[in-house]
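Student: Sending over a structure as structure tokens; questions will come in a sec.
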Amino acid sequence: MKYWGYLVAKLLAGLGILAGLLVVMRWLLPAPQAYVTYNELNPIGHDLTHTVAYFVYFLICTGVVALIFMDQKYRCRTCARKLMMPVMRGSWDSMLRLGRPHTEYICPYGHGTLKVPELQITGKEPIDWAEHQDMWKELEELHSGKR
């Protein structure tokens with residue numbers, strides 16, 4: 001639940017920042033002077049300054065949303081912490097023997113592992129999240145078995 005809550009919080013924060021940017025942009029843009037008789041006319045598409053400014057604003061909005069989703073992709077599904085310790089697995093030169101190349105990320109608290117494929121031959125392959133069992137129980141079992 002933390003994972004989705006964190007995504008919603010980031011999207012709402014991004015929306016607030018982008019709304020503030022829109023207010024500042026509208027305040028800074030000069031009123032179009034060419035259409036004095038058409039006061040109700042929307043300046044987008046009729047005034048080059050407004051059209052370019054709104055186009056750049058749209059690109060900024062798209063970039064912010066893309067960055068939010070790219071950041072969320074590399075977070076733990078349980079605790080929403082940033083995944084760490086990337087490990088390269090597989091090999092480019094011997095894919096049949098060692099498997100396809102991919103990168104594995106792990107949660108710093110041991111909640112799970114994210115496998116991100118490096119090679120995508122048949123189209124976009126989904127990332128694979130493998131949730132781990134309780135790491136401390138496994139270590140206690142290993143430790144108690146040696147006594």
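Identifiers in this document derive from the order of the structure tokens: chains are assigned A, B, ..., residues are numbered from 1 separately in each chain, and ligands are numbered from 1 in order of occurrence.
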How would you write, as a ChimeraX atom specification, the set of residues in chain A that DSSP gives as helix (DSSP H, G or I)?
Tutor: /A:2-28,48-73,95-98,135-145
Student: Select, from A:His132, A:Arg100, A:Lys73, A:His50, the residue with the minimum atom-to-atom distance to Leu119 in chain A, counting only C-alpha atoms.
Tutor: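 The closest residue to Leu119 in chain A is A:Arg100.
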Student: Check the DSSP output for the backbone and give back, as a ChimeraX atom specification, the residues of range 46-134 of chain A in strand (DSSP E).
Tutor: /A:84-89,102-106,112-117,128-131
Student: Hey, what's within 9 Å of range 51-62 of chain A if we count only C-alpha atoms and toss same-chain stuff fewer than 2 positions away? As an MDAnalysis selection string, please?
Tutor: chainID A and resid 14:15 18 21:22 25 29 43:49 64:67
Student: Grab the residues selected above and save them as a PDB file, in the first residue's frame with N, CA and C atoms.
Tutor:
```pdb
ATOM      1  N   GLY A  14       3.600  16.839  -7.928  1.00  0.00           N
ATOM      2  CA  GLY A  14       3.928  17.300  -9.278  1.00  0.00           C
ATOM      3  C   GLY A  14       2.820  18.148  -9.864  1.00  0.00           C
ATOM      4  N   LEU A  15       1.562  17.750  -9.622  1.00  0.00           N
ATOM      5  CA  LEU A  15       0.424  18.524 -10.100  1.00  0.00           C
ATOM      6  C   LEU A  15       0.393  19.905  -9.456  1.00  0.00           C
ATOM      7  N   LEU A  18       3.220  21.982 -11.029  1.00  0.00           N
ATOM      8  CA  LEU A  18       2.897  22.362 -12.409  1.00  0.00           C
ATOM      9  C   LEU A  18       1.758  23.372 -12.470  1.00  0.00           C
ATOM     10  N   LEU A  21       3.328  26.643 -11.685  1.00  0.00           N
ATOM     11  CA  LEU A  21       4.082  27.095 -12.854  1.00  0.00           C
ATOM     12  C   LEU A  21       3.149  27.685 -13.908  1.00  0.00           C
ATOM     13  N   LEU A  22       1.971  27.075 -14.072  1.00  0.00           N
ATOM     14  CA  LEU A  22       1.000  27.604 -15.033  1.00  0.00           C
ATOM     15  C   LEU A  22       0.511  28.986 -14.621  1.00  0.00           C
ATOM     16  N   MET A  25       3.272  31.396 -15.316  1.00  0.00           N
ATOM     17  CA  MET A  25       3.431  31.598 -16.754  1.00  0.00           C
ATOM     18  C   MET A  25       2.335  32.522 -17.291  1.00  0.00           C
ATOM     19  N   LEU A  29       3.102  36.162 -19.073  1.00  0.00           N
ATOM     20  CA  LEU A  29       2.859  36.347 -20.501  1.00  0.00           C
ATOM     21  C   LEU A  29       2.129  37.661 -20.762  1.00  0.00           C
ATOM     22  N   PRO A  43      -5.793  33.062 -27.048  1.00  0.00           N
ATOM     23  CA  PRO A  43      -4.574  33.449 -27.752  1.00  0.00           C
ATOM     24  C   PRO A  43      -3.745  32.263 -28.264  1.00  0.00           C
ATOM     25  N   ILE A  44      -4.040  31.058 -27.773  1.00  0.00           N
ATOM     26  CA  ILE A  44      -3.275  29.894 -28.243  1.00  0.00           C
ATOM     27  C   ILE A  44      -3.690  29.589 -29.677  1.00  0.00           C
ATOM     28  N   GLY A  45      -2.734  29.537 -30.551  1.00  0.00           N
ATOM     29  CA  GLY A  45      -3.004  29.317 -31.961  1.00  0.00           C
ATOM     30  C   GLY A  45      -3.125  30.602 -32.757  1.00  0.00           C
ATOM     31  N   HIS A  46      -3.266  31.728 -32.059  1.00  0.00           N
ATOM     32  CA  HIS A  46      -3.373  33.019 -32.736  1.00  0.00           C
ATOM     33  C   HIS A  46      -2.187  33.919 -32.400  1.00  0.00           C
ATOM     34  N   ASP A  47      -1.567  33.690 -31.270  1.00  0.00           N
ATOM     35  CA  ASP A  47      -0.429  34.495 -30.841  1.00  0.00           C
ATOM     36  C   ASP A  47       0.762  33.558 -30.672  1.00  0.00           C
ATOM     37  N   LEU A  48       1.861  33.851 -31.357  1.00  0.00           N
ATOM     38  CA  LEU A  48       3.014  32.952 -31.352  1.00  0.00           C
ATOM     39  C   LEU A  48       3.630  32.820 -29.964  1.00  0.00           C
ATOM     40  N   THR A  49       3.705  33.890 -29.203  1.00  0.00           N
ATOM     41  CA  THR A  49       4.292  33.838 -27.871  1.00  0.00           C
ATOM     42  C   THR A  49       3.509  32.896 -26.962  1.00  0.00           C
ATOM     43  N   VAL A  64       7.843  15.813 -16.444  1.00  0.00           N
ATOM     44  CA  VAL A  64       7.680  15.604 -14.998  1.00  0.00           C
ATOM     45  C   VAL A  64       6.946  14.298 -14.723  1.00  0.00           C
ATOM     46  N   VAL A  65       5.877  14.037 -15.464  1.00  0.00           N
ATOM     47  CA  VAL A  65       5.124  12.795 -15.263  1.00  0.00           C
ATOM     48  C   VAL A  65       5.987  11.583 -15.632  1.00  0.00           C
ATOM     49  N   ALA A  66       6.753  11.675 -16.707  1.00  0.00           N
ATOM     50  CA  ALA A  66       7.635  10.567 -17.086  1.00  0.00           C
ATOM     51  C   ALA A  66       8.696  10.315 -16.019  1.00  0.00           C
ATOM     52  N   LEU A  67       9.278  11.373 -15.462  1.00  0.00           N
ATOM     53  CA  LEU A  67      10.273  11.201 -14.398  1.00  0.00           C
ATOM     54  C   LEU A  67       9.669  10.578 -13.149  1.00  0.00           C
TER      55      LEU A  67
END
```
Student: Which polymer residues have any atom within 6 Å of an atom of Leu114 in chain A, counting only C-alpha atoms, with same-chain residues fewer than 6 positions away left out, as number ranges by chain?
Tutor: A: 104-105, 128-129
Student: Write a file of the selected residues as a PDB file, in the first residue's frame, keeping N, CA and C atoms.
Tutor:
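Result file is part-v7.pdb:
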```pdb
ATOM      1  N   GLU A 104      19.649  -6.891 -12.002  1.00  0.00           N
ATOM      2  CA  GLU A 104      18.835  -7.151 -10.825  1.00  0.00           C
ATOM      3  C   GLU A 104      19.115  -6.088  -9.769  1.00  0.00           C
ATOM      4  N   TYR A 105      18.036  -5.551  -9.208  1.00  0.00           N
ATOM      5  CA  TYR A 105      18.114  -4.583  -8.117  1.00  0.00           C
ATOM      6  C   TYR A 105      17.475  -5.225  -6.898  1.00  0.00           C
ATOM      7  N   ASP A 128      10.354  -7.937 -13.817  1.00  0.00           N
ATOM      8  CA  ASP A 128       9.913  -9.026 -12.952  1.00  0.00           C
ATOM      9  C   ASP A 128      10.253  -8.692 -11.498  1.00  0.00           C
ATOM     10  N   TRP A 129       9.243  -8.573 -10.650  1.00  0.00           N
ATOM     11  CA  TRP A 129       9.435  -8.326  -9.227  1.00  0.00           C
ATOM     12  C   TRP A 129       9.249  -9.647  -8.497  1.00  0.00           C
TER      13      TRP A 129
END
```
Student: Pick from A:Lys137, A:Gly110, A:Lys115, A:Met70: nearest to Pro86 in chain A, with only C-alpha atoms counted?
Tutor: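 Looking at the shortest contact to Pro86 in chain A, the residue is A:Lys115.
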Student: Could you tell me how far CA of Gln133 in chain A sits from CA of Ile68 in chain A, in Å to one decimal place?
Tutor: 28.4 Å
